[in-house]
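Notes follow the structure.
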Amino acid sequence: MLTLDRTELLITHRCTLKCKLCGNYSPLYVPAPEWSFEQLADYLDLYFEVVDKVQKLTLSGGEPLMHPQLEILITYLQKYRNRIGLLELITNGTLVPKAVLLDAMQAFGNVKVIIDNYGPQLSTQVSQAESAFASHGIFYETRKYFGKDAYYSGWLDMTDLADKHRTPADDAAVYASCIFSQHFQRCIIADGRIYICAVGRRLNELGVLKTNHDYLDLTDDKLTIRDKQKILQSFFERDSFESCHYCNGFCMDRPRYVPAEQLEKPLANDTSEKP
């Protein structure tokens, strides 16, 4: 049986904010790609052919509340209700959820919402969102990401993707201290591919990676279900990934920066075509 601790499903890069250090690089996509319900349902079906259970499935963006079919997606996930320990959604406190979405979340049952509060100038709808979730009995946690006591003391800068010229042993040491190491079994689904992290996906899009060993293509019909399971299981048995060679690591001892610093305008990116 293949059980994962956490998987993140990227559903949209559209967002109400343009954060300079966005962990999913959303401001780099102009126009911002968004995956339809039909695409996401296909990815989930393929995922649950490979994975027996996931302790936490996180819907992320961008800002997931901007997805026009979010309530349909959550209703569809009822199909896998007994294989999902917790359904999580991360929002930035700029939008209030619609009643139809609240109903879908309430019907699913075991849902947790993370509201990231970036301060009154950015996250203008925090109290309204809290009230909406509370009115439907939906558990939420608000993380304070501003001021001197910001959550985890701020954000990490994952934008430096230059060759670090490290040895394989040094790459392994960085990966061992990274939260995306085998001890956490975290991964992200984007474009029907499972990556160990958003950095791996970004490097692959940029054409930096020389192999395809940093992801599992769920849509590859040349692979059997058992093949896909072996590839995914191998992710959590490795010392490092090729992408680690270009990354500073998502490590607790790295410098922290002001969260949600806004760009004056989005950065164009020629990999931004809608999937």
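Chain labels A, B, ... are given in the sequence in which chains occur in the structure tokens; within each chain residues are numbered consecutively from 1, and ligands are likewise numbered from 1 in the order shown.
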Original post:
Using only C-alpha atoms, which residues sit within 12 Å of stretch 131-144 of chain A once same-chain residues fewer than 4 positions away are excluded, as a count of residues only?
Top reply: 48
**OP:** Write out as number ranges by chain the residues lying within 12 Å of stretch 246-252 of chain A, counting only C-alpha atoms and excluding same-chain residues fewer than 3 positions away.
**Re:** A: 23, 152-168, 170-181, 196-200, 202-204, 208-209, 240-243, 255-256
**OP:** Please run DSSP on the backbone and report, as number ranges by chain, all residues within stretch 120-257 of chain A that come out as helix (DSSP H, G or I).
**Re:** A: 126-135, 151-153, 168-176, 198-205, 225-235, 242-246
**OP:** Using DSSP on the backbone coordinates, identify all residues within stretch 48-238 of chain A classified as strand (DSSP E or B); present the result as a PyMOL selection string.
**Re:** chain A and resi 53-60+84-91+111-117+139-144+155+178+186-190+193-195+215-217
Subject >> Selection: 12 Å around A:Glu38, only C-alpha atoms, excl. self and same-chain fewer than 5 positions, as a PyMOL selection string >> reply: chain A and resi 11+43-45+69-70+72-73+76+192+275
Subject >> Among listed residues A:Lys56, A:Asp221, A:Leu28, A:Tyr145, nearest A:Leu206 (using only C-alpha atoms) >> reply: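 Selected residue with least distance to A:Leu206: A:Leu28.
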Original post:
Just how far from atom CA of A:Thr75 is atom CA of A:Val51, in Å to one decimal?
Top reply: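 Answer for the atom CA of A:Val51 to atom CA of A:Thr75 separation: 19.8 Å.
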Original post:
Using only C-alpha atoms, which of A:Ala190, A:Ser36, A:Tyr257, A:Leu216 sits nearest A:Gln233?
Top reply: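 Of all the options, A:Leu216 lies closest to A:Gln233.
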**OP:** Please measure the separation of atom CA of A:Ile74 and atom CA of A:Leu9, giving the value in Å to one decimal.
**Re:**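 Atom CA of A:Leu9 lies 12.0 Å from atom CA of A:Ile74.
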Subject >> Distance of atom CA of A:Cys22 from atom CA of A:Leu263, expressed in Å to one decimal place >> reply: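 If I compute the distance from atom CA of A:Leu263 to atom CA of A:Cys22, I get 10.4 Å.
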Subject >> Spatial neighbours of stretch 15-19 of chain A, max dist 6 Å, only C-alpha atoms, sep filter under 4 positions, as a VMD selection string >> reply: chain A and resid 27 62 to 63 260 to 263
